[in-house]
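S.K.: One file is attached below, query26.txt, containing compact mmCIF, C-alpha atoms.
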```
# COMPACT_ATOMS: atom_id res chain seq x y z
CA MET A 1 2.76 -4.87 13.74
CA GLN A 2 2.62 -4.41 9.99
CA LEU A 3 0.89 -2.32 7.35
CA PRO A 4 -2.62 -3.34 6.21
CA ILE A 5 -1.45 -3.82 2.61
CA ASN A 6 1.48 -5.49 0.82
CA ASP A 7 4.12 -3.60 -1.19
CA TRP A 8 3.71 -0.18 0.46
CA ASP A 9 5.76 1.51 -2.27
CA LYS A 10 2.94 0.78 -4.75
CA TRP A 11 0.34 2.61 -2.62
CA TYR A 12 -0.34 6.17 -1.52
CA ILE A 13 -2.54 7.91 1.03
CA ALA A 14 -5.35 9.54 -0.97
CA GLN A 15 -6.88 11.24 2.05
CA SER A 16 -5.03 11.80 5.31
CA PHE A 17 -6.05 11.45 8.92
CA GLY A 18 -7.74 14.50 10.45
CA ASN A 19 -8.68 16.24 7.18
CA LYS A 20 -11.80 18.42 7.41
CA THR A 21 -14.72 16.80 5.59
CA SER A 22 -18.37 17.57 4.88
CA TYR A 23 -19.39 15.45 7.90
CA GLY A 24 -16.61 16.54 10.29
CA TYR A 25 -13.10 15.05 10.28
CA HIS A 26 -11.53 12.11 8.44
CA GLU A 27 -10.81 9.61 11.21
CA GLY A 28 -8.63 7.32 9.10
CA ILE A 29 -6.58 7.21 5.93
CA ASP A 30 -7.71 6.23 2.44
CA LEU A 31 -5.26 3.90 0.71
CA ASN A 32 -5.08 3.59 -3.09
CA LEU A 33 -2.74 1.93 -5.54
CA LYS A 34 -0.62 4.40 -7.48
CA THR A 35 -1.92 2.85 -10.72
CA GLY A 36 -5.20 4.75 -10.25
CA GLY A 37 -8.83 4.12 -11.04
CA ASP A 38 -10.21 0.94 -9.53
CA SER A 39 -6.94 -0.94 -10.06
CA ASP A 40 -6.82 -1.76 -6.34
CA LEU A 41 -10.20 -3.56 -6.45
CA GLY A 42 -9.74 -7.03 -4.97
CA GLN A 43 -6.27 -6.41 -3.50
CA PRO A 44 -5.72 -8.25 -0.19
CA LEU A 45 -6.08 -6.44 3.14
CA LEU A 46 -3.95 -7.77 5.98
CA ALA A 47 -4.34 -7.86 9.74
CA ILE A 48 -1.89 -5.36 11.25
CA ALA A 49 -1.38 -7.53 14.34
CA ASN A 50 -2.84 -10.55 16.12
CA GLY A 51 -6.36 -9.88 17.31
CA GLU A 52 -10.03 -10.78 17.46
CA VAL A 53 -12.76 -9.69 15.05
CA THR A 54 -15.32 -7.65 17.01
CA SER A 55 -17.67 -6.63 14.21
CA VAL A 56 -18.51 -7.39 10.61
CA HIS A 57 -21.03 -5.03 9.06
CA PHE A 58 -22.60 -4.76 5.61
CA HIS A 59 -24.11 -1.61 4.08
CA THR A 60 -25.66 -1.41 0.64
CA THR A 61 -26.27 2.35 0.54
CA LYS A 62 -23.94 5.27 -0.27
CA PRO A 63 -22.24 7.08 1.29
CA THR A 64 -21.39 4.63 4.09
CA PHE A 65 -18.48 2.46 5.21
CA GLY A 66 -19.97 -0.28 3.03
CA ASN A 67 -18.73 -3.72 4.03
CA HIS A 68 -16.44 -3.16 7.00
CA ILE A 69 -14.80 -4.87 9.95
CA HIS A 70 -13.28 -4.02 13.32
CA ILE A 71 -10.51 -6.00 14.99
CA LEU A 72 -9.41 -5.68 18.62
CA HIS A 73 -5.61 -5.78 19.03
CA LYS A 74 -3.92 -6.05 22.42
CA GLY A 75 -0.20 -5.41 22.73
CA PRO A 76 2.45 -3.19 24.28
CA TRP A 77 0.39 -0.24 23.00
CA GLY A 78 -2.62 -1.34 25.11
CA GLU A 79 -5.90 -2.03 23.29
CA ILE A 80 -6.78 -0.56 19.90
CA TYR A 81 -9.35 -1.36 17.23
CA SER A 82 -8.40 -1.47 13.55
CA HIS A 83 -11.17 -0.61 11.10
CA TYR A 84 -11.16 -1.66 7.42
CA ALA A 85 -13.96 -0.14 5.33
CA HIS A 86 -15.34 -0.31 1.75
CA CYS A 87 -14.32 -3.97 1.45
CA LYS A 88 -15.29 -6.14 -1.50
CA ASP A 89 -14.95 -9.48 0.30
CA ILE A 90 -14.73 -10.04 4.04
CA LEU A 91 -12.95 -13.29 4.84
CA VAL A 92 -13.45 -13.36 8.63
CA LYS A 93 -16.41 -13.41 11.00
CA ILE A 94 -17.14 -12.04 14.48
CA ASN A 95 -15.05 -13.68 17.25
CA ASP A 96 -12.45 -15.07 14.80
CA LYS A 97 -8.93 -15.01 16.21
CA ILE A 98 -6.68 -13.63 13.50
CA SER A 99 -2.92 -13.53 13.02
CA GLU A 100 -0.71 -10.64 11.98
CA GLY A 101 -0.41 -10.64 8.18
CA GLN A 102 -3.52 -12.79 7.65
CA VAL A 103 -5.64 -11.80 4.65
CA ILE A 104 -8.88 -10.67 6.28
CA ALA A 105 -10.63 -8.87 3.40
CA THR A 106 -10.13 -7.39 -0.06
CA VAL A 107 -10.25 -3.80 -1.27
CA GLY A 108 -13.64 -2.86 -2.60
CA LYS A 109 -15.89 0.08 -3.27
CA SER A 110 -18.89 -0.81 -1.15
CA GLY A 111 -20.48 2.33 0.27
CA THR A 112 -18.46 4.56 -2.08
CA ASP A 113 -17.95 5.20 -5.80
CA PHE A 114 -14.23 4.41 -6.07
CA ALA A 115 -12.23 1.40 -4.89
CA HIS A 116 -10.00 2.12 -1.91
CA CYS A 117 -9.40 1.03 1.65
CA HIS A 118 -10.52 3.38 4.39
CA PHE A 119 -8.31 2.30 7.28
CA ALA A 120 -8.62 3.68 10.80
CA ILE A 121 -7.41 2.92 14.31
CA LYS A 122 -9.78 3.59 17.19
CA LEU A 123 -8.48 4.09 20.72
CA ILE A 124 -11.85 3.12 22.22
CA PRO A 125 -14.89 1.28 20.86
CA THR A 126 -16.81 4.21 19.33
CA GLY A 127 -19.55 2.15 17.67
CA ILE A 128 -19.79 0.26 14.41
CA ASP A 129 -20.59 3.21 12.14
CA SER A 130 -19.16 6.10 14.14
CA ILE A 131 -17.43 9.06 12.51
CA ALA A 132 -15.58 12.04 13.92
CA LYS A 133 -18.10 14.87 13.71
CA THR A 134 -16.00 17.25 15.83
CA GLU A 135 -12.35 17.77 16.73
CA GLU A 136 -13.21 16.43 20.17
CA ASN A 137 -14.63 13.22 18.57
CA LEU A 138 -11.43 12.87 16.52
CA LYS A 139 -9.50 12.27 19.77
CA ASN A 140 -11.08 8.78 19.86
CA TRP A 141 -8.92 7.83 16.85
CA ILE A 142 -5.21 8.04 16.11
CA ASP A 143 -3.36 8.57 12.82
CA PRO A 144 -3.05 4.93 11.70
CA PHE A 145 0.08 5.43 9.62
CA LYS A 146 1.96 7.12 12.47
CA PHE A 147 0.74 4.46 14.91
CA ILE A 148 1.91 1.57 12.74
CA GLU A 149 5.18 3.35 11.99
CA LYS A 150 5.82 3.61 15.74
CA TRP A 151 5.09 -0.08 16.42
CA LEU A 152 6.33 -1.58 13.14
CA ILE A 153 8.69 -4.45 13.71
CA ILE A 154 11.27 -4.83 10.97
CA LYS A 155 10.99 -8.33 9.58
CA ASP A 156 13.81 -10.18 7.89
CA ASN A 157 12.01 -10.09 4.52
CA MET A 158 11.88 -6.27 4.73
CA ILE A 159 15.68 -5.92 4.83
CA PRO A 160 17.41 -5.65 1.44
CA ASP A 161 19.88 -8.43 0.60
CA TRP A 162 22.81 -5.99 0.41
CA LEU A 163 22.14 -4.85 3.98
CA LYS A 164 21.82 -8.44 5.24
CA THR A 165 25.22 -9.22 3.70
CA LEU A 166 26.79 -6.10 5.23
CA LEU A 167 25.38 -6.98 8.66
CA GLN A 168 26.64 -10.58 8.44
CA GLU A 169 30.12 -9.55 7.24
CA SER A 170 30.36 -6.97 10.04
CA ASN A 171 28.95 -9.36 12.67
CA LEU A 172 26.16 -6.87 13.41
CA SER A 173 22.48 -7.26 14.17
CA LEU A 174 19.57 -4.84 14.17
CA ASP A 175 18.68 -6.37 17.54
CA ARG A 176 21.82 -4.78 19.03
CA GLU A 177 20.92 -1.19 18.19
CA GLY A 178 23.86 0.43 20.00
CA GLU A 179 26.44 -1.58 18.06
CA PHE A 180 24.60 -0.96 14.82
CA ARG A 181 24.41 2.81 15.40
CA SER A 182 28.12 3.03 16.27
CA PHE A 183 28.96 1.20 13.04
```
Starting from the file, lay out its structure as structure tokens.
M.R.:
Amino acid sequence: MQLPINDWDKWYIAQSFGNKTSYGYHEGIDLNLKTGGDSDLGQPLLAIANGEVTSVHFHTTKPTFGNHIHILHKGPWGEIYSHYAHCKDILVKINDKISEGQVIATVGKSGTDFAHCHFAIKLIPTGIDSIAKTEENLKNWIDPFKFIEKWLIIKDNMIPDWLKTLLQESNLSLDREGEFRSF
């Protein structure tokens, strides 16, 4: 499991999960680069885990999800669907098997006025263009940032060099959590 974008420290959540909106409730998060404007236009969007593309949809009107995709992911969490919306380019097609970290699309502003990635995680297949009109509908989604945070696997390239050195010198490993915590 990983985040849908590279270099998380350069991004922020412009609109959070569950916020009240004019249509109901925001069922995902909106990700933007901290540099503002449309500076995130064309940035790569990554698959959060291995999966299969279940839909690719194109809208030309506003306001809509614009160009967007759904990916089914099966894992220790069960089955979930990731949803990437407002894409500029979509680099996958329906039934493609994708790998965690694979570039699947780029940030765009299709269906909206400003470049950003609307990213959501559905617990059930709610339909290609579904939104959370009520609090009850919102239960079909989960806060994507909290979900990924729970299932995020720390990769070697995410550990700072100073910590790698400390672990090696102390003969410790993050895989042996008890030893690491007692250190």
S.K.: Select, from A:Gly24, A:Gly51, A:Pro160, A:Gly36, the residue with the minimum atom-to-atom distance to Ser82 (chain A), counting only C-alpha atoms.
M.R.: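 Comparing A:Gly24, A:Gly51, A:Pro160, A:Gly36 against Ser82 (chain A), the winner is A:Gly51.
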S.K.: Tell me, as a VMD selection string, which residues lie within 9 Å of Gln102 (chain A), counting all atoms listed in the file; anything in the same chain fewer than 6 positions away does not count.
M.R.: chain A and resid 45 to 50
S.K.: In terms of the shortest atom-to-atom distance over all atoms listed in the file, which of A:Trp141, A:Pro76, A:Asn95, A:Leu123 is closest to Met1 (chain A)?
M.R.: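 Counting all atoms listed in the file, the residue closest to Met1 (chain A) is A:Pro76.
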S.K.: Pick the closest to Glu100 (chain A) from A:Leu3, A:Ile121, A:Leu172, A:Ala115: which is it, counting only C-alpha atoms?
M.R.: A:Leu3
S.K.: Work out how far apart CA of Asp129 (chain A) and CA of Lys97 (chain A) are and give it in Å to one decimal.
M.R.: 22.0 Å
S.K.: Could you add whatever atoms are missing so that region 86-97 of chain A carries all heavy atoms, then write the result as an mmCIF file, in the frame of the given file?
M.R.:
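Generated output (part_6.cif):
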```cif
data_model
loop_
_atom_site.group_PDB
_atom_site.id
_atom_site.type_symbol
_atom_site.label_atom_id
_atom_site.label_comp_id
_atom_site.auth_asym_id
_atom_site.auth_seq_id
_atom_site.Cartn_x
_atom_site.Cartn_y
_atom_site.Cartn_z
ATOM 1 N N HIS A 86 -15.098 -0.263 3.195
ATOM 2 C CA HIS A 86 -15.340 -0.310 1.750
ATOM 3 C C HIS A 86 -14.858 -1.624 1.133
ATOM 4 O O HIS A 86 -14.519 -1.681 -0.050
ATOM 5 C CB HIS A 86 -14.702 0.885 1.021
ATOM 6 C CG HIS A 86 -15.093 2.206 1.575
ATOM 7 N ND1 HIS A 86 -16.403 2.600 1.691
ATOM 8 C CD2 HIS A 86 -14.341 3.221 2.080
ATOM 9 C CE1 HIS A 86 -16.454 3.805 2.232
ATOM 10 N NE2 HIS A 86 -15.219 4.202 2.491
ATOM 11 N N CYS A 87 -14.844 -2.686 1.913
ATOM 12 C CA CYS A 87 -14.320 -3.970 1.450
ATOM 13 C C CYS A 87 -15.209 -4.594 0.368
ATOM 14 O O CYS A 87 -16.426 -4.391 0.346
ATOM 15 C CB CYS A 87 -14.224 -4.949 2.620
ATOM 16 S SG CYS A 87 -13.161 -4.375 3.956
ATOM 17 N N LYS A 88 -14.571 -5.345 -0.499
ATOM 18 C CA LYS A 88 -15.290 -6.140 -1.500
ATOM 19 C C LYS A 88 -15.701 -7.458 -0.835
ATOM 20 O O LYS A 88 -16.872 -7.796 -0.775
ATOM 21 C CB LYS A 88 -14.407 -6.394 -2.719
ATOM 22 C CG LYS A 88 -15.049 -7.275 -3.770
ATOM 23 C CD LYS A 88 -14.119 -7.493 -4.948
ATOM 24 C CE LYS A 88 -14.783 -8.417 -5.960
ATOM 25 N NZ LYS A 88 -13.811 -8.894 -6.946
ATOM 26 N N ASP A 89 -14.711 -8.197 -0.368
ATOM 27 C CA ASP A 89 -14.950 -9.480 0.300
ATOM 28 C C ASP A 89 -14.432 -9.384 1.726
ATOM 29 O O ASP A 89 -13.345 -8.842 1.962
ATOM 30 C CB ASP A 89 -14.192 -10.607 -0.412
ATOM 31 C CG ASP A 89 -14.596 -10.753 -1.860
ATOM 32 O OD1 ASP A 89 -15.790 -10.964 -2.119
ATOM 33 O OD2 ASP A 89 -13.707 -10.631 -2.729
ATOM 34 N N ILE A 90 -15.181 -9.920 2.659
ATOM 35 C CA ILE A 90 -14.730 -10.040 4.040
ATOM 36 C C ILE A 90 -14.537 -11.519 4.316
ATOM 37 O O ILE A 90 -15.462 -12.316 4.119
ATOM 38 C CB ILE A 90 -15.724 -9.386 5.014
ATOM 39 C CG1 ILE A 90 -15.745 -7.873 4.758
ATOM 40 C CG2 ILE A 90 -15.345 -9.709 6.453
ATOM 41 C CD1 ILE A 90 -16.685 -7.091 5.642
ATOM 42 N N LEU A 91 -13.338 -11.893 4.727
ATOM 43 C CA LEU A 91 -12.950 -13.290 4.840
ATOM 44 C C LEU A 91 -12.924 -13.791 6.279
ATOM 45 O O LEU A 91 -12.426 -14.891 6.535
ATOM 46 C CB LEU A 91 -11.579 -13.478 4.180
ATOM 47 C CG LEU A 91 -11.479 -12.929 2.750
ATOM 48 C CD1 LEU A 91 -10.059 -13.008 2.240
ATOM 49 C CD2 LEU A 91 -12.435 -13.661 1.833
ATOM 50 N N VAL A 92 -13.423 -12.989 7.215
ATOM 51 C CA VAL A 92 -13.450 -13.360 8.630
ATOM 52 C C VAL A 92 -14.858 -13.117 9.177
ATOM 53 O O VAL A 92 -15.674 -12.466 8.523
ATOM 54 C CB VAL A 92 -12.422 -12.550 9.443
ATOM 55 C CG1 VAL A 92 -10.991 -12.903 9.025
ATOM 56 C CG2 VAL A 92 -12.657 -11.049 9.296
ATOM 57 N N LYS A 93 -15.112 -13.635 10.361
ATOM 58 C CA LYS A 93 -16.410 -13.410 11.000
ATOM 59 C C LYS A 93 -16.180 -12.999 12.461
ATOM 60 O O LYS A 93 -15.084 -13.148 12.995
ATOM 61 C CB LYS A 93 -17.299 -14.637 10.883
ATOM 62 C CG LYS A 93 -16.761 -15.893 11.497
ATOM 63 C CD LYS A 93 -17.646 -17.083 11.164
ATOM 64 C CE LYS A 93 -17.206 -18.367 11.784
ATOM 65 N NZ LYS A 93 -15.829 -18.717 11.707
ATOM 66 N N ILE A 94 -17.226 -12.488 13.089
ATOM 67 C CA ILE A 94 -17.140 -12.040 14.480
ATOM 68 C C ILE A 94 -16.603 -13.173 15.354
ATOM 69 O O ILE A 94 -16.964 -14.336 15.179
ATOM 70 C CB ILE A 94 -18.524 -11.571 14.982
ATOM 71 C CG1 ILE A 94 -18.960 -10.313 14.221
ATOM 72 C CG2 ILE A 94 -18.500 -11.289 16.479
ATOM 73 C CD1 ILE A 94 -20.361 -9.849 14.544
ATOM 74 N N ASN A 95 -15.717 -12.796 16.277
ATOM 75 C CA ASN A 95 -15.050 -13.680 17.250
ATOM 76 C C ASN A 95 -13.896 -14.487 16.667
ATOM 77 O O ASN A 95 -13.245 -15.220 17.420
ATOM 78 C CB ASN A 95 -16.040 -14.618 17.961
ATOM 79 C CG ASN A 95 -17.060 -13.853 18.778
ATOM 80 O OD1 ASN A 95 -16.743 -12.831 19.387
ATOM 81 N ND2 ASN A 95 -18.292 -14.336 18.787
ATOM 82 N N ASP A 96 -13.626 -14.388 15.357
ATOM 83 C CA ASP A 96 -12.450 -15.070 14.800
ATOM 84 C C ASP A 96 -11.191 -14.517 15.426
ATOM 85 O O ASP A 96 -11.045 -13.300 15.587
ATOM 86 C CB ASP A 96 -12.362 -14.881 13.285
ATOM 87 C CG ASP A 96 -13.232 -15.823 12.496
ATOM 88 O OD1 ASP A 96 -13.930 -16.663 13.108
ATOM 89 O OD2 ASP A 96 -13.224 -15.717 11.249
ATOM 90 N N LYS A 97 -10.276 -15.402 15.780
ATOM 91 C CA LYS A 97 -8.930 -15.010 16.210
ATOM 92 C C LYS A 97 -8.099 -14.932 14.936
ATOM 93 O O LYS A 97 -8.091 -15.873 14.141
ATOM 94 C CB LYS A 97 -8.323 -16.038 17.161
ATOM 95 C CG LYS A 97 -9.180 -16.340 18.375
ATOM 96 C CD LYS A 97 -9.073 -15.261 19.415
ATOM 97 C CE LYS A 97 -9.737 -15.690 20.705
ATOM 98 N NZ LYS A 97 -10.935 -14.982 21.035
#
```
